[in-house]
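Undergrad: One structure coming up, written as structure tokens, with questions to follow.
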Amino acid sequence: MTEVKSVKDRVIKALERVRPYLQSDGGDIDLIEVTDDMTVKVKLTGACHGCPYSLQTLKAGVEQAIINEVPEIKRVISA
């Protein structure tokens, strides 16, 4: 369980790095869960929620930032 907490802490740190970019467009992101199979579940909020580019933002921006910071993570999905 300690390892998962460590992973979660690093995911939170990675999200804090991308959050200002999302907020500059009127959006934000919430961490929902880091699963045992190393999937990160997030929720895009504000202007990002429902935006036509949200999937691109999630995959090209958020997922890459998290995987660069936490290579153990397999994927990032919208919850």
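Please note that chains go A, B, ... in the order of the structure tokens, that every chain numbers its residues from 1, and that ligands are numbered from 1 in the order shown.
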Need the shell around Ser24 of chain A: protein/DNA/RNA residues with any atom at most 12 Å away, counting only C-alpha atoms. Skip same-chain ones fewer than 4 positions apart. Format as JSON, numbers by chain?
TA: {"A": [18, 19, 20, 28, 46, 47, 48]}
Undergrad: What is the atom CA of Leu22 of chain A-atom CA of Gln56 of chain A distance in Å, reported with one decimal?
TA: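 Separation of atom CA of Leu22 of chain A and atom CA of Gln56 of chain A: 12.5 Å.
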Undergrad: Do a neighbour search on Ile73 of chain A at 6 Å with only C-alpha atoms, toss out local chain neighbours closer than 3 positions, and write the hits as a PyMOL selection string.
TA: chain A and resi 38+67+70
Undergrad: At a cut-off of 12 Å, using only C-alpha atoms, what residues contact Lys13 of chain A? Leave out same-chain residues fewer than 2 positions from it and give the result as a list in words.
TA: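 Near neighbours after the sequence-gap exclusion: Ser6, Val7, Lys8, Asp9, Arg10, Val11, Leu15, Glu16, Arg17, Val18, Arg19, Leu31, Val62, Ala65, Ile66, Ile67, Asn68, Glu69 and Val70 of chain A.
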Undergrad: Which residue, A:Ser78, A:Gln23, A:Glu72, A:Asp30, has the smallest gap to Ser54 of chain A when you use only C-alpha atoms?
TA: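 Counting only C-alpha atoms, the residue closest to Ser54 of chain A is A:Ser78.
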